[in-house]
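J.: Quick one, entry39.cif (mmCIF, C-alpha atoms):
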data_entry
loop_
_atom_site.label_atom_id
_atom_site.label_comp_id
_atom_site.auth_asym_id
_atom_site.auth_seq_id
_atom_site.Cartn_x
_atom_site.Cartn_y
_atom_site.Cartn_z
CA GLU A 1 -17.22 30.29 79.87
CA LEU A 2 -16.00 32.18 82.94
CA HIS A 3 -12.69 32.90 81.20
CA SER A 4 -14.12 33.60 77.76
CA PRO A 5 -12.51 36.61 76.05
CA LEU A 6 -16.01 37.72 75.07
CA LEU A 7 -16.75 38.53 78.72
CA HIS A 8 -13.70 40.78 79.08
CA VAL A 9 -12.84 42.33 75.72
CA ALA A 10 -14.97 45.49 76.08
CA ASP A 11 -13.58 46.24 79.55
CA HIS A 12 -9.99 45.99 78.29
CA ALA A 13 -10.33 47.51 74.81
CA ASP A 14 -7.68 50.21 75.37
CA ILE A 15 -5.06 47.68 76.45
CA LEU A 16 -6.00 45.32 73.63
CA ARG A 17 -5.22 47.93 71.00
CA ARG A 18 -1.49 47.59 71.78
CA PRO A 19 -0.42 43.99 71.06
CA VAL A 20 -0.61 41.99 67.86
CA ILE A 21 -3.72 39.85 68.18
CA TYR A 22 -4.09 36.86 65.91
CA PHE A 23 -6.44 33.94 66.26
CA ASP A 24 -7.79 31.27 64.00
CA CYS A 25 -10.23 28.46 64.39
CA GLY A 26 -11.28 25.35 62.56
CA GLU A 27 -14.72 25.47 60.96
CA LEU A 28 -15.64 22.27 62.84
CA ASP A 29 -14.27 23.48 66.20
CA GLU A 30 -16.89 23.63 68.94
CA SER A 31 -15.75 27.18 69.78
CA MET A 32 -16.13 28.54 66.23
CA GLY A 33 -19.26 30.51 67.13
CA GLU A 34 -17.55 32.18 70.07
CA ASN A 35 -14.49 32.99 67.93
CA ARG A 36 -16.69 34.60 65.27
CA ARG A 37 -18.49 36.64 67.95
CA LEU A 38 -15.14 37.73 69.45
CA HIS A 39 -14.00 38.81 65.99
CA ALA A 40 -17.21 40.85 65.54
CA VAL A 41 -16.92 42.48 68.97
CA MET A 42 -13.28 43.37 68.37
CA ASP A 43 -14.23 44.90 65.02
CA SER A 44 -16.97 46.95 66.67
CA LEU A 45 -14.48 48.20 69.31
CA HIS A 46 -11.88 49.01 66.61
CA ILE A 47 -9.34 46.63 68.10
CA ALA A 48 -6.83 45.63 65.43
CA HIS A 49 -6.64 41.88 65.06
CA GLU A 50 -6.44 39.13 62.49
CA PHE A 51 -8.91 36.26 62.50
CA HIS A 52 -9.10 33.31 60.13
CA ALA A 53 -11.46 30.37 59.87
CA PHE A 54 -9.98 27.27 58.26
CA PRO A 55 -11.27 23.79 57.52
CA GLY A 56 -10.74 21.40 60.40
CA SER A 57 -11.36 21.05 64.09
CA HIS A 58 -9.45 21.40 67.36
CA ASP A 59 -6.90 18.63 66.91
CA TRP A 60 -3.16 18.16 66.46
CA GLY A 61 -3.45 18.05 62.68
CA TYR A 62 -5.04 21.49 62.72
CA TRP A 63 -2.42 22.88 65.10
CA ARG A 64 0.47 21.50 63.04
CA ALA A 65 -1.00 22.97 59.87
CA HIS A 66 -1.49 26.48 61.31
CA LEU A 67 1.15 26.99 64.00
CA GLU A 68 3.73 28.53 61.68
CA GLN A 69 1.26 31.12 60.37
CA SER A 70 0.21 31.97 63.93
CA LEU A 71 3.81 32.46 65.07
CA ILE A 72 4.63 34.62 62.07
CA ALA A 73 1.64 36.85 62.81
CA VAL A 74 2.25 37.29 66.54
CA THR A 75 5.98 37.95 66.11
CA SER A 76 5.58 40.48 63.29
CA ARG A 77 6.35 43.50 65.48
CA MET A 78 9.38 41.74 66.96
CA ARG A 79 10.81 41.22 63.50
CA VAL A 80 10.13 44.85 62.50
CA ALA A 81 11.75 46.12 65.72
CA ALA A 82 14.75 43.81 65.23
CA GLY A 83 15.17 45.15 61.70
CA ALA A 84 15.03 48.73 62.96
CA ASP A 85 17.57 47.95 65.68
CA SER A 86 19.98 46.46 63.16
CA LEU A 87 19.61 49.54 60.93
CA ASN A 88 20.26 51.85 63.90
CA SER A 89 23.44 50.01 64.86
CA ARG A 90 25.09 50.62 61.50
#
Once you've parsed the file, please lay out its structure as structure tokens.
T.:
Amino acid sequence: ELHSPLLHVADHADILRRPVIYFDCGELDESMGENRRLHAVMDSLHIAHEFHAFPGSHDWGYWRAHLEQSLIAVTSRMRVAAGADSLNSR
């Protein structure tokens, strides 16, 4: 609990508005409640983020099923910037 994002998100709201923030959680995961609260706090602080709740728990099957979607989300700005760079180099 000492390192829970819920304890720190309000103090760092300005910084957290910069990066792409994506998180998901399995409905049966023991941290689902905390993830839902973090989502609500981030909404109330107007911090852009994407949160999804999926069936499953915190196990390798869950991670394998959702890793690709997570990587696509968190690299979205990289891909946009790379596209802009390639257009500028023409």
J.: Starting from the PyMOL selection byres ((chain A and resi 46-57) around 10), expand the selection into actual residues of this file and give them as a compact mmCIF listing (two decimals) with C-alpha atoms, in the frame of the given file.
T.:
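Heads up, here's the output in expr.txt:
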# COMPACT_ATOMS: atom_id res chain seq x y z
CA VAL A 9 -12.84 42.33 75.72
CA ALA A 10 -14.97 45.49 76.08
CA ALA A 13 -10.33 47.51 74.81
CA ASP A 14 -7.68 50.21 75.37
CA ILE A 15 -5.06 47.68 76.45
CA LEU A 16 -6.00 45.32 73.63
CA ARG A 17 -5.22 47.93 71.00
CA ARG A 18 -1.49 47.59 71.78
CA PRO A 19 -0.42 43.99 71.06
CA VAL A 20 -0.61 41.99 67.86
CA ILE A 21 -3.72 39.85 68.18
CA TYR A 22 -4.09 36.86 65.91
CA PHE A 23 -6.44 33.94 66.26
CA ASP A 24 -7.79 31.27 64.00
CA CYS A 25 -10.23 28.46 64.39
CA GLY A 26 -11.28 25.35 62.56
CA GLU A 27 -14.72 25.47 60.96
CA LEU A 28 -15.64 22.27 62.84
CA ASP A 29 -14.27 23.48 66.20
CA GLU A 30 -16.89 23.63 68.94
CA SER A 31 -15.75 27.18 69.78
CA MET A 32 -16.13 28.54 66.23
CA ASN A 35 -14.49 32.99 67.93
CA ARG A 36 -16.69 34.60 65.27
CA LEU A 38 -15.14 37.73 69.45
CA HIS A 39 -14.00 38.81 65.99
CA ALA A 40 -17.21 40.85 65.54
CA VAL A 41 -16.92 42.48 68.97
CA MET A 42 -13.28 43.37 68.37
CA ASP A 43 -14.23 44.90 65.02
CA SER A 44 -16.97 46.95 66.67
CA LEU A 45 -14.48 48.20 69.31
CA HIS A 58 -9.45 21.40 67.36
CA ASP A 59 -6.90 18.63 66.91
CA TRP A 60 -3.16 18.16 66.46
CA GLY A 61 -3.45 18.05 62.68
CA TYR A 62 -5.04 21.49 62.72
CA TRP A 63 -2.42 22.88 65.10
CA ALA A 65 -1.00 22.97 59.87
CA HIS A 66 -1.49 26.48 61.31
CA SER A 70 0.21 31.97 63.93
CA ALA A 73 1.64 36.85 62.81
CA VAL A 74 2.25 37.29 66.54
J.: Tell me, in Å to one decimal, how far CA of Pro5 in chain A is from CA of Gly33 in chain A.
T.: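 CA of Pro5 in chain A sits 12.7 Å away from CA of Gly33 in chain A.
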J.: At what distance in Å, to one decimal, does CA of Leu6 in chain A lie from CA of Arg37 in chain A?
T.: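 It comes out at 7.6 Å.
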J.: Please return range 55-79 of chain A, rebuilt to N, CA and C atoms, as a PDB file, in the coordinates of the input.
T.:
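Dumped everything to rebuild39.pdb:
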ATOM      1  N   PRO A  55     -10.676  25.131  57.382  1.00  0.00           N
ATOM      2  CA  PRO A  55     -11.270  23.790  57.520  1.00  0.00           C
ATOM      3  C   PRO A  55     -10.586  23.040  58.660  1.00  0.00           C
ATOM      4  N   GLY A  56     -11.330  22.232  59.345  1.00  0.00           N
ATOM      5  CA  GLY A  56     -10.740  21.400  60.400  1.00  0.00           C
ATOM      6  C   GLY A  56     -11.409  21.610  61.736  1.00  0.00           C
ATOM      7  N   SER A  57     -10.822  20.967  62.733  1.00  0.00           N
ATOM      8  CA  SER A  57     -11.360  21.050  64.090  1.00  0.00           C
ATOM      9  C   SER A  57     -10.201  21.295  65.056  1.00  0.00           C
ATOM     10  N   HIS A  58     -10.447  21.125  66.321  1.00  0.00           N
ATOM     11  CA  HIS A  58      -9.450  21.400  67.360  1.00  0.00           C
ATOM     12  C   HIS A  58      -8.661  20.114  67.639  1.00  0.00           C
ATOM     13  N   ASP A  59      -7.709  19.826  66.743  1.00  0.00           N
ATOM     14  CA  ASP A  59      -6.900  18.630  66.910  1.00  0.00           C
ATOM     15  C   ASP A  59      -5.462  18.914  66.505  1.00  0.00           C
ATOM     16  N   TRP A  60      -4.582  17.949  66.738  1.00  0.00           N
ATOM     17  CA  TRP A  60      -3.160  18.160  66.460  1.00  0.00           C
ATOM     18  C   TRP A  60      -2.889  18.415  64.987  1.00  0.00           C
ATOM     19  N   GLY A  61      -3.633  17.794  64.108  1.00  0.00           N
ATOM     20  CA  GLY A  61      -3.450  18.050  62.680  1.00  0.00           C
ATOM     21  C   GLY A  61      -3.692  19.516  62.350  1.00  0.00           C
ATOM     22  N   TYR A  62      -4.732  20.071  62.936  1.00  0.00           N
ATOM     23  CA  TYR A  62      -5.040  21.490  62.720  1.00  0.00           C
ATOM     24  C   TYR A  62      -3.907  22.360  63.262  1.00  0.00           C
ATOM     25  N   TRP A  63      -3.486  22.076  64.489  1.00  0.00           N
ATOM     26  CA  TRP A  63      -2.420  22.880  65.100  1.00  0.00           C
ATOM     27  C   TRP A  63      -1.135  22.816  64.277  1.00  0.00           C
ATOM     28  N   ARG A  64      -0.751  21.629  63.843  1.00  0.00           N
ATOM     29  CA  ARG A  64       0.470  21.500  63.040  1.00  0.00           C
ATOM     30  C   ARG A  64       0.356  22.288  61.740  1.00  0.00           C
ATOM     31  N   ALA A  65      -0.817  22.282  61.144  1.00  0.00           N
ATOM     32  CA  ALA A  65      -1.000  22.970  59.870  1.00  0.00           C
ATOM     33  C   ALA A  65      -0.969  24.492  60.011  1.00  0.00           C
ATOM     34  N   HIS A  66      -1.318  25.033  61.183  1.00  0.00           N
ATOM     35  CA  HIS A  66      -1.490  26.480  61.310  1.00  0.00           C
ATOM     36  C   HIS A  66      -0.550  27.150  62.312  1.00  0.00           C
ATOM     37  N   LEU A  67       0.268  26.398  62.998  1.00  0.00           N
ATOM     38  CA  LEU A  67       1.150  26.990  64.000  1.00  0.00           C
ATOM     39  C   LEU A  67       2.136  27.984  63.392  1.00  0.00           C
ATOM     40  N   GLU A  68       2.744  27.630  62.284  1.00  0.00           N
ATOM     41  CA  GLU A  68       3.730  28.530  61.680  1.00  0.00           C
ATOM     42  C   GLU A  68       3.107  29.880  61.341  1.00  0.00           C
ATOM     43  N   GLN A  69       1.939  29.875  60.727  1.00  0.00           N
ATOM     44  CA  GLN A  69       1.260  31.120  60.370  1.00  0.00           C
ATOM     45  C   GLN A  69       0.938  31.943  61.619  1.00  0.00           C
ATOM     46  N   SER A  70       0.515  31.275  62.678  1.00  0.00           N
ATOM     47  CA  SER A  70       0.210  31.970  63.930  1.00  0.00           C
ATOM     48  C   SER A  70       1.461  32.632  64.507  1.00  0.00           C
ATOM     49  N   LEU A  71       2.563  31.906  64.527  1.00  0.00           N
ATOM     50  CA  LEU A  71       3.810  32.460  65.070  1.00  0.00           C
ATOM     51  C   LEU A  71       4.332  33.614  64.234  1.00  0.00           C
ATOM     52  N   ILE A  72       4.215  33.516  62.938  1.00  0.00           N
ATOM     53  CA  ILE A  72       4.630  34.620  62.070  1.00  0.00           C
ATOM     54  C   ILE A  72       3.813  35.868  62.372  1.00  0.00           C
ATOM     55  N   ALA A  73       2.513  35.705  62.538  1.00  0.00           N
ATOM     56  CA  ALA A  73       1.640  36.850  62.810  1.00  0.00           C
ATOM     57  C   ALA A  73       1.965  37.498  64.156  1.00  0.00           C
ATOM     58  N   VAL A  74       2.075  36.702  65.206  1.00  0.00           N
ATOM     59  CA  VAL A  74       2.250  37.290  66.540  1.00  0.00           C
ATOM     60  C   VAL A  74       3.659  37.808  66.788  1.00  0.00           C
ATOM     61  N   THR A  75       4.624  37.435  65.956  1.00  0.00           N
ATOM     62  CA  THR A  75       5.980  37.950  66.110  1.00  0.00           C
ATOM     63  C   THR A  75       6.304  39.044  65.096  1.00  0.00           C
ATOM     64  N   SER A  76       5.326  39.500  64.350  1.00  0.00           N
ATOM     65  CA  SER A  76       5.580  40.480  63.290  1.00  0.00           C
ATOM     66  C   SER A  76       6.224  41.760  63.812  1.00  0.00           C
ATOM     67  N   ARG A  77       5.755  42.271  64.921  1.00  0.00           N
ATOM     68  CA  ARG A  77       6.350  43.500  65.480  1.00  0.00           C
ATOM     69  C   ARG A  77       7.757  43.255  65.988  1.00  0.00           C
ATOM     70  N   MET A  78       8.026  42.067  66.492  1.00  0.00           N
ATOM     71  CA  MET A  78       9.380  41.740  66.960  1.00  0.00           C
ATOM     72  C   MET A  78      10.347  41.797  65.787  1.00  0.00           C
ATOM     73  N   ARG A  79       9.926  41.240  64.664  1.00  0.00           N
ATOM     74  CA  ARG A  79      10.810  41.220  63.500  1.00  0.00           C
ATOM     75  C   ARG A  79      11.014  42.622  62.949  1.00  0.00           C
TER      76      ARG A  79
END
